[in-house]
file model37.pdb (PDB, C-alpha atoms, pLDDT in the B column)
ATOM      1  CA  MET A  11       9.806   3.024  13.854  1.00 91.00           C
ATOM      2  CA  ARG A  12       7.474   2.310  10.924  1.00 92.00           C
ATOM      3  CA  HIS A  13       3.882   1.426  11.880  1.00 96.00           C
ATOM      4  CA  THR A  14       1.066  -0.010   9.783  1.00 96.00           C
ATOM      5  CA  ILE A  15      -2.316   1.049  11.122  1.00 96.00           C
ATOM      6  CA  THR A  16      -5.603  -0.352   9.868  1.00 96.00           C
ATOM      7  CA  ILE A  17      -8.739   1.717  10.348  1.00 96.00           C
ATOM      8  CA  LEU A  18     -12.393   0.925   9.696  1.00 96.00           C
ATOM      9  CA  VAL A  19     -14.378   4.055   8.876  1.00 96.00           C
ATOM     10  CA  GLU A  20     -17.867   4.911   7.751  1.00 96.00           C
ATOM     11  CA  ASN A  21     -17.791   5.306   3.982  1.00 95.00           C
ATOM     12  CA  GLU A  22     -18.974   8.897   3.794  1.00 94.00           C
ATOM     13  CA  PHE A  23     -17.962  12.273   2.445  1.00 93.00           C
ATOM     14  CA  GLY A  24     -15.060  13.977   4.266  1.00 93.00           C
ATOM     15  CA  VAL A  25     -13.672  11.032   6.260  1.00 94.00           C
ATOM     16  CA  LEU A  26     -10.341  11.042   4.461  1.00 93.00           C
ATOM     17  CA  THR A  27     -10.044  14.807   5.014  1.00 94.00           C
ATOM     18  CA  ARG A  28     -10.651  14.350   8.744  1.00 93.00           C
ATOM     19  CA  VAL A  29      -8.038  11.631   9.063  1.00 94.00           C
ATOM     20  CA  ALA A  30      -5.468  13.585   7.040  1.00 93.00           C
ATOM     21  CA  GLY A  31      -6.304  16.736   9.010  1.00 93.00           C
ATOM     22  CA  LEU A  32      -5.654  14.948  12.282  1.00 92.00           C
ATOM     23  CA  PHE A  33      -2.152  14.043  11.084  1.00 93.00           C
ATOM     24  CA  SER A  34      -1.296  17.459   9.653  1.00 92.00           C
ATOM     25  CA  ALA A  35      -2.609  19.344  12.709  1.00 92.00           C
ATOM     26  CA  ARG A  36      -0.226  17.402  14.938  1.00 90.00           C
ATOM     27  CA  GLY A  37       2.745  17.490  12.552  1.00 92.00           C
ATOM     28  CA  TYR A  38       2.721  13.762  11.770  1.00 93.00           C
ATOM     29  CA  ASN A  39       3.386  12.390   8.320  1.00 95.00           C
ATOM     30  CA  ILE A  40       1.373   9.781   6.454  1.00 96.00           C
ATOM     31  CA  GLU A  41       3.894   7.811   4.384  1.00 94.00           C
ATOM     32  CA  THR A  42       1.302   5.748   2.516  1.00 94.00           C
ATOM     33  CA  LEU A  43      -2.465   5.501   2.556  1.00 95.00           C
ATOM     34  CA  ASN A  44      -4.763   2.992   0.872  1.00 94.00           C
ATOM     35  CA  VAL A  45      -8.547   3.161   1.166  1.00 94.00           C
ATOM     36  CA  ALA A  46     -11.261   0.936  -0.279  1.00 94.00           C
ATOM     37  CA  PRO A  47     -14.817  -0.010   0.663  1.00 95.00           C
ATOM     38  CA  LEU A  48     -15.527  -3.400   2.205  1.00 94.00           C
ATOM     39  CA  GLN A  49     -18.176  -5.790   0.916  1.00 92.00           C
ATOM     40  CA  ASP A  50     -20.581  -3.715   2.975  1.00 90.00           C
ATOM     41  CA  ASN A  51     -20.207  -0.463   1.003  1.00 93.00           C
ATOM     42  CA  THR A  52     -21.109   1.623   4.061  1.00 95.00           C
ATOM     43  CA  VAL A  53     -17.696   0.841   5.598  1.00 96.00           C
ATOM     44  CA  SER A  54     -14.189   1.413   4.206  1.00 96.00           C
ATOM     45  CA  ARG A  55     -10.861   0.044   5.351  1.00 96.00           C
ATOM     46  CA  MET A  56      -7.831   2.312   5.461  1.00 96.00           C
ATOM     47  CA  THR A  57      -4.294   1.006   5.655  1.00 96.00           C
ATOM     48  CA  LEU A  58      -2.016   3.806   6.763  1.00 95.00           C
ATOM     49  CA  VAL A  59       1.755   3.767   7.266  1.00 96.00           C
ATOM     50  CA  THR A  60       3.432   6.313   9.499  1.00 96.00           C
ATOM     51  CA  ARG A  61       6.533   6.579  11.679  1.00 95.00           C
ATOM     52  CA  GLY A  62       6.846   7.301  15.359  1.00 94.00           C
ATOM     53  CA  ASP A  63       7.702   5.878  18.738  1.00 93.00           C
ATOM     54  CA  GLU A  64       5.165   3.916  20.791  1.00 93.00           C
ATOM     55  CA  ARG A  65       3.952   7.047  22.616  1.00 94.00           C
ATOM     56  CA  ILE A  66       3.241   8.916  19.383  1.00 94.00           C
ATOM     57  CA  ILE A  67       1.492   5.914  17.795  1.00 95.00           C
ATOM     58  CA  GLU A  68      -0.674   5.468  20.900  1.00 95.00           C
ATOM     59  CA  GLN A  69      -1.628   9.157  20.718  1.00 94.00           C
ATOM     60  CA  ILE A  70      -2.465   8.808  17.002  1.00 94.00           C
ATOM     61  CA  LYS A  71      -4.681   5.778  17.725  1.00 95.00           C
ATOM     62  CA  LYS A  72      -6.504   7.631  20.531  1.00 95.00           C
ATOM     63  CA  GLN A  73      -7.059  10.691  18.346  1.00 94.00           C
ATOM     64  CA  LEU A  74      -8.306   8.537  15.450  1.00 95.00           C
ATOM     65  CA  ASN A  75     -10.762   6.772  17.768  1.00 94.00           C
ATOM     66  CA  LYS A  76     -12.209  10.176  18.742  1.00 94.00           C
ATOM     67  CA  LEU A  77     -13.206  10.930  15.137  1.00 92.00           C
ATOM     68  CA  ILE A  78     -16.914  10.214  14.700  1.00 90.00           C
ATOM     69  CA  PRO A  79     -16.703   8.290  11.397  1.00 94.00           C
ATOM     70  CA  VAL A  80     -13.954   5.991  12.771  1.00 95.00           C
ATOM     71  CA  ILE A  81     -15.290   2.600  13.823  1.00 96.00           C
ATOM     72  CA  LYS A  82     -12.116   0.734  14.785  1.00 95.00           C
ATOM     73  CA  VAL A  83      -8.325   1.311  14.825  1.00 96.00           C
ATOM     74  CA  GLU A  84      -5.521  -1.240  15.094  1.00 95.00           C
ATOM     75  CA  ASP A  85      -1.733  -0.992  14.845  1.00 96.00           C
ATOM     76  CA  ILE A  86      -0.788  -4.332  13.278  1.00 95.00           C
ATOM     77  CA  SER A  87       2.960  -3.645  13.323  1.00 93.00           C
ATOM     78  CA  HIS A  88       3.639  -5.833  16.360  1.00 90.00           C
ATOM     79  CA  ALA A  89       1.143  -8.544  15.418  1.00 91.00           C
ATOM     80  CA  VAL A  90       1.965 -11.408  13.092  1.00 92.00           C
ATOM     81  CA  HIS A  91       0.699  -9.989   9.815  1.00 93.00           C
ATOM     82  CA  LEU A  92       1.122  -9.955   6.057  1.00 93.00           C
ATOM     83  CA  GLU A  93       1.921  -6.865   4.022  1.00 94.00           C
ATOM     84  CA  ARG A  94       1.873  -6.564   0.262  1.00 96.00           C
ATOM     85  CA  GLY A  95       2.190  -3.718  -2.193  1.00 96.00           C
ATOM     86  CA  MET A  96       1.709  -3.395  -5.924  1.00 97.00           C
ATOM     87  CA  LEU A  97       4.006  -1.820  -8.490  1.00 97.00           C
ATOM     88  CA  ILE A  98       2.992  -1.104 -12.072  1.00 98.00           C
ATOM     89  CA  VAL A  99       5.897  -0.080 -14.261  1.00 98.00           C
ATOM     90  CA  LYS A 100       6.216   0.945 -17.914  1.00 97.00           C
ATOM     91  CA  VAL A 101       9.553   0.107 -19.506  1.00 96.00           C
ATOM     92  CA  GLN A 102      10.943   0.738 -22.963  1.00 94.00           C
ATOM     93  CA  ALA A 103      10.576  -2.146 -25.389  1.00 82.00           C
ATOM     94  CA  ASN A 104      13.936  -3.490 -26.366  1.00 80.00           C
ATOM     95  CA  THR A 105      14.147  -6.657 -28.461  1.00 81.00           C
ATOM     96  CA  GLU A 106      17.671  -7.383 -27.210  1.00 84.00           C
ATOM     97  CA  ARG A 107      16.551  -7.228 -23.551  1.00 87.00           C
ATOM     98  CA  ARG A 108      13.134  -8.873 -24.059  1.00 89.00           C
ATOM     99  CA  ASP A 109      14.233 -12.320 -22.834  1.00 91.00           C
ATOM    100  CA  ALA A 110      15.745 -10.765 -19.711  1.00 93.00           C
ATOM    101  CA  LEU A 111      12.498  -8.853 -19.014  1.00 94.00           C
ATOM    102  CA  LEU A 112      10.425 -12.008 -19.466  1.00 94.00           C
ATOM    103  CA  ALA A 113      12.783 -13.870 -17.114  1.00 95.00           C
ATOM    104  CA  LEU A 114      12.435 -11.122 -14.499  1.00 96.00           C
ATOM    105  CA  ILE A 115       8.646 -11.287 -14.833  1.00 96.00           C
ATOM    106  CA  GLU A 116       8.698 -15.058 -14.368  1.00 97.00           C
ATOM    107  CA  THR A 117      11.126 -14.896 -11.431  1.00 96.00           C
ATOM    108  CA  HIS A 118       8.842 -12.517  -9.516  1.00 97.00           C
ATOM    109  CA  ASP A 119       5.570 -14.143 -10.605  1.00 97.00           C
ATOM    110  CA  ALA A 120       4.588 -10.828 -12.220  1.00 98.00           C
ATOM    111  CA  LYS A 121       2.060 -10.117 -14.955  1.00 97.00           C
ATOM    112  CA  MET A 122       2.567  -8.478 -18.319  1.00 97.00           C
ATOM    113  CA  LEU A 123      -0.366  -6.064 -18.560  1.00 97.00           C
ATOM    114  CA  ASP A 124       0.396  -4.374 -21.861  1.00 96.00           C
ATOM    115  CA  ASP A 125       3.000  -5.468 -24.384  1.00 93.00           C
ATOM    116  CA  HIS A 126       3.935  -3.340 -27.389  1.00 91.00           C
ATOM    117  CA  CYS A 127       7.128  -4.862 -28.767  1.00 82.00           C
ATOM    118  CA  ASP A 128       7.868  -1.727 -30.782  1.00 85.00           C
ATOM    119  CA  SER A 129       7.521   0.857 -27.984  1.00 92.00           C
ATOM    120  CA  HIS A 130       6.880  -0.253 -24.395  1.00 95.00           C
ATOM    121  CA  SER A 131       5.698  -2.895 -21.951  1.00 95.00           C
ATOM    122  CA  ILE A 132       3.672  -2.445 -18.756  1.00 97.00           C
ATOM    123  CA  VAL A 133       4.252  -4.967 -15.979  1.00 98.00           C
ATOM    124  CA  GLU A 134       2.530  -5.547 -12.615  1.00 98.00           C
ATOM    125  CA  PHE A 135       4.524  -6.767  -9.612  1.00 98.00           C
ATOM    126  CA  THR A 136       3.127  -7.560  -6.165  1.00 97.00           C
ATOM    127  CA  GLY A 137       4.994  -8.451  -3.015  1.00 96.00           C
ATOM    128  CA  LYS A 138       6.635  -7.068   0.070  1.00 94.00           C
ATOM    129  CA  VAL A 139       7.391  -3.360  -0.187  1.00 91.00           C
ATOM    130  CA  GLU A 140      11.139  -3.993   0.195  1.00 93.00           C
ATOM    131  CA  LEU A 141      11.002  -6.483  -2.686  1.00 96.00           C
ATOM    132  CA  LEU A 142       9.279  -3.906  -4.896  1.00 97.00           C
ATOM    133  CA  ASP A 143      12.086  -1.444  -4.115  1.00 95.00           C
ATOM    134  CA  ASP A 144      14.626  -4.060  -5.250  1.00 96.00           C
ATOM    135  CA  ILE A 145      12.632  -4.826  -8.410  1.00 97.00           C
ATOM    136  CA  LEU A 146      12.653  -1.134  -9.325  1.00 96.00           C
ATOM    137  CA  LEU A 147      16.447  -1.181  -9.148  1.00 96.00           C
ATOM    138  CA  GLU A 148      16.552  -4.272 -11.388  1.00 95.00           C
ATOM    139  CA  LEU A 149      14.255  -2.557 -13.902  1.00 96.00           C
ATOM    140  CA  GLU A 150      16.531   0.478 -14.354  1.00 94.00           C
ATOM    141  CA  ASP A 151      18.471  -1.435 -17.038  1.00 91.00           C
ATOM    142  CA  PHE A 152      15.271  -1.777 -19.076  1.00 94.00           C
ATOM    143  CA  GLY A 153      14.626   1.973 -19.329  1.00 94.00           C
ATOM    144  CA  VAL A 154      11.832   2.831 -16.892  1.00 96.00           C
ATOM    145  CA  ILE A 155       9.382   5.267 -18.477  1.00 97.00           C
ATOM    146  CA  GLU A 156       6.821   5.517 -15.677  1.00 97.00           C
ATOM    147  CA  THR A 157       5.918   3.899 -12.362  1.00 97.00           C
ATOM    148  CA  THR A 158       3.003   3.874  -9.981  1.00 97.00           C
ATOM    149  CA  ARG A 159       2.632   1.890  -6.797  1.00 95.00           C
ATOM    150  CA  THR A 160       0.563   1.363  -3.729  1.00 94.00           C
ATOM    151  CA  GLY A 161       1.768   1.523  -0.206  1.00 91.00           C
ATOM    152  CA  PRO A 162       1.498  -1.662   1.773  1.00 93.00           C
ATOM    153  CA  LEU A 163      -1.819  -3.298   2.476  1.00 93.00           C
ATOM    154  CA  GLY A 164      -1.733  -5.217   5.717  1.00 92.00           C
ATOM    155  CA  MET A 165      -3.739  -7.905   7.462  1.00 92.00           C
ATOM    156  CA  ARG A 166      -3.209  -9.848  10.681  1.00 89.00           C
ATOM    157  CA  ARG A 167      -2.695 -13.570  10.218  1.00 90.00           C
ATOM    158  CA  ALA A 168      -5.064 -14.435  13.087  1.00 82.00           C
ATOM    159  CA  ALA A 169      -8.225 -16.427  12.372  1.00 82.00           C
ATOM    160  CA  ASP A 170     -10.512 -13.614  13.525  1.00 83.00           C
ATOM    161  CA  GLY A 171     -11.135 -10.665  11.255  1.00 81.00           C
ATOM    162  CA  PHE A 172     -10.819  -6.921  11.612  1.00 84.00           C
ATOM    163  CA  THR A 173     -14.523  -6.278  11.109  1.00 84.00           C
ATOM    164  CA  VAL A 174     -17.408  -4.205  12.365  1.00 85.00           C
ATOM    165  CA  GLU A 175     -18.922  -6.064  15.298  1.00 76.00           C
TER     166      GLU A 175
END
call {"tool": "encode", "arguments": {"input": "model37.pdb", "output": "structure tokens"}}
result
Amino acid sequence: MRHTITILVENEFGVLTRVAGLFSARGYNIETLNVAPLQDNTVSRMTLVTRGDERIIEQIKKQLNKLIPVIKVEDISHAVHLERGMLIVKVQANTERRDALLALIETHDAKMLDDHCDSHSIVEFTGKVELLDDILLELEDFGVIETTRTGPLGMRRAADGFTVE
């Protein structure tokens, strides 16, 4: 089963290496990983996606909690939560297909980031990861030149926050 784990860590040199090392040493795979500092720049939030049964995920959480720079760990997969990803895609400019591209952008509430009618367009989509997968399929007809995307970012819907106490 797919699990989204959020981790608060001290924002210091080598933390990412320690977390990745923990996974590789035990033969677990990190499917996606997003890291960014919080408002308090001394702390960063990681959103990590991995797969495993409940026993494996519990072991991962325990091992993460043993790492000194880790402040807090939570598997939000079973909690009511929101997940969103971002996809930035460069497609070939095609005057005949331009109206269809603009319609697709409007349908998905996307943003045109860079528009060069004679060569290419760069578009930003955000939404559920599954939706982004579907959008990529829709974009194949436009001549995809390049893509980049984030893994999911996740947050519980509860009123309390996942913060340093």
call {"tool": "resolve_selection", "arguments": {"input": "model37.pdb", "expression": "the PyMOL selection byres ((chain A and resi 73) around 12)", "output": "list in words"}}
result
Arg28, Val29, Ala30, Gly31, Leu32, Phe33, Ala35, Arg36, Ile66, Ile67, Glu68, Gln69, Ile70, Lys71, Lys72, Leu74, Asn75, Lys76, Leu77, Ile78, Val80, Lys82 and Val83 of chain A
call {"tool": "closest_residue", "arguments": {"input": "model37.pdb", "among": "A:Ser54, A:Thr158, A:Thr60, A:Gln102", "to": "Ser129 (chain A)", "atoms": "only C-alpha atoms"}}
result
A:Gln102
call {"tool": "resolve_selection", "arguments": {"input": "model37.pdb", "expression": "the PyMOL selection byres ((chain A and resi 134) around 7)", "output": "JSON, numbers by chain"}}
result
{"A": [97, 98, 99, 120, 121, 122, 123, 132, 133, 135, 136]}
call {"tool": "write_last_selection", "arguments": {"input": "model37.pdb", "atoms": "C-alpha atoms", "output": "short mmCIF file (atom, residue, chain, number, x, y, z; two decimals), in the frame of the given file"}}
result
data_model
loop_
_atom_site.label_atom_id
_atom_site.label_comp_id
_atom_site.auth_asym_id
_atom_site.auth_seq_id
_atom_site.Cartn_x
_atom_site.Cartn_y
_atom_site.Cartn_z
CA LEU A 97 4.01 -1.82 -8.49
CA ILE A 98 2.99 -1.10 -12.07
CA VAL A 99 5.90 -0.08 -14.26
CA ALA A 120 4.59 -10.83 -12.22
CA LYS A 121 2.06 -10.12 -14.96
CA MET A 122 2.57 -8.48 -18.32
CA LEU A 123 -0.37 -6.06 -18.56
CA ILE A 132 3.67 -2.44 -18.76
CA VAL A 133 4.25 -4.97 -15.98
CA PHE A 135 4.52 -6.77 -9.61
CA THR A 136 3.13 -7.56 -6.16
#
call {"tool": "residues_around", "arguments": {"input": "model37.pdb", "residues": "Asp63 (chain A)", "least_positions_apart": "6", "cutoff": "10 Å", "atoms": "all atoms listed in the file", "output": "PyMOL selection string"}}
result
chain A and resi 11-13
call {"tool": "write_last_selection", "arguments": {"input": "model37.pdb", "atoms": "C-alpha atoms", "output": "compact mmCIF listing (two decimals), keeping the file's coordinate frame"}}
result
# COMPACT_ATOMS: atom_id res chain seq x y z
CA MET A 11 9.81 3.02 13.85
CA ARG A 12 7.47 2.31 10.92
CA HIS A 13 3.88 1.43 11.88
call {"tool": "closest_residue", "arguments": {"input": "model37.pdb", "among": "A:Leu58, A:His126, A:His118, A:Asn104", "to": "Asp144 (chain A)", "atoms": "only C-alpha atoms"}}
result
A:His118
call {"tool": "build_atoms", "arguments": {"input": "model37.pdb", "residues": "region 123-146 of chain A", "atoms": "N, CA and C atoms", "output": "short mmCIF file (atom, residue, chain, number, x, y, z; two decimals), keeping the file's coordinate frame"}}
result
data_model
loop_
_atom_site.label_atom_id
_atom_site.label_comp_id
_atom_site.auth_asym_id
_atom_site.auth_seq_id
_atom_site.Cartn_x
_atom_site.Cartn_y
_atom_site.Cartn_z
N LEU A 123 0.96 -6.65 -18.37
CA LEU A 123 -0.37 -6.06 -18.56
C LEU A 123 -0.58 -5.52 -19.96
N ASP A 124 0.50 -5.02 -20.56
CA ASP A 124 0.40 -4.37 -21.86
C ASP A 124 1.74 -4.54 -22.55
N ASP A 125 1.74 -5.16 -23.72
CA ASP A 125 3.00 -5.47 -24.38
C ASP A 125 2.98 -4.93 -25.81
N HIS A 126 3.78 -3.92 -26.05
CA HIS A 126 3.94 -3.34 -27.39
C HIS A 126 5.41 -3.47 -27.75
N CYS A 127 5.72 -4.52 -28.46
CA CYS A 127 7.13 -4.86 -28.77
C CYS A 127 7.90 -3.71 -29.40
N ASP A 128 7.19 -2.81 -30.08
CA ASP A 128 7.87 -1.73 -30.78
C ASP A 128 8.04 -0.46 -29.94
N SER A 129 7.40 -0.38 -28.75
CA SER A 129 7.52 0.86 -27.98
C SER A 129 7.69 0.66 -26.48
N HIS A 130 6.82 -0.15 -25.85
CA HIS A 130 6.88 -0.25 -24.40
C HIS A 130 6.17 -1.51 -23.90
N SER A 131 6.41 -1.82 -22.64
CA SER A 131 5.70 -2.90 -21.95
C SER A 131 5.31 -2.37 -20.58
N ILE A 132 4.13 -2.80 -20.10
CA ILE A 132 3.67 -2.44 -18.76
C ILE A 132 3.54 -3.74 -17.97
N VAL A 133 4.18 -3.76 -16.79
CA VAL A 133 4.25 -4.97 -15.98
C VAL A 133 3.76 -4.67 -14.57
N GLU A 134 3.05 -5.65 -13.99
CA GLU A 134 2.53 -5.55 -12.62
C GLU A 134 3.29 -6.51 -11.71
N PHE A 135 3.84 -5.97 -10.62
CA PHE A 135 4.52 -6.77 -9.61
C PHE A 135 3.78 -6.60 -8.30
N THR A 136 3.67 -7.66 -7.52
CA THR A 136 3.13 -7.56 -6.16
C THR A 136 4.08 -8.28 -5.23
N GLY A 137 4.13 -7.81 -4.00
CA GLY A 137 4.99 -8.45 -3.02
C GLY A 137 5.28 -7.52 -1.87
N LYS A 138 6.23 -7.90 -1.04
CA LYS A 138 6.64 -7.07 0.07
C LYS A 138 7.20 -5.76 -0.47
N VAL A 139 6.98 -4.69 0.27
CA VAL A 139 7.39 -3.36 -0.19
C VAL A 139 8.89 -3.32 -0.46
N GLU A 140 9.69 -3.97 0.38
CA GLU A 140 11.14 -3.99 0.20
C GLU A 140 11.50 -4.71 -1.11
N LEU A 141 10.77 -5.76 -1.43
CA LEU A 141 11.00 -6.48 -2.69
C LEU A 141 10.71 -5.58 -3.88
N LEU A 142 9.62 -4.82 -3.80
CA LEU A 142 9.28 -3.91 -4.90
C LEU A 142 10.37 -2.86 -5.10
N ASP A 143 10.96 -2.39 -4.01
CA ASP A 143 12.09 -1.44 -4.12
C ASP A 143 13.25 -2.08 -4.88
N ASP A 144 13.54 -3.34 -4.56
CA ASP A 144 14.63 -4.06 -5.25
C ASP A 144 14.30 -4.28 -6.73
N ILE A 145 13.05 -4.61 -7.02
CA ILE A 145 12.63 -4.83 -8.41
C ILE A 145 12.81 -3.54 -9.22
N LEU A 146 12.46 -2.41 -8.62
CA LEU A 146 12.65 -1.13 -9.32
C LEU A 146 14.11 -0.92 -9.71
#
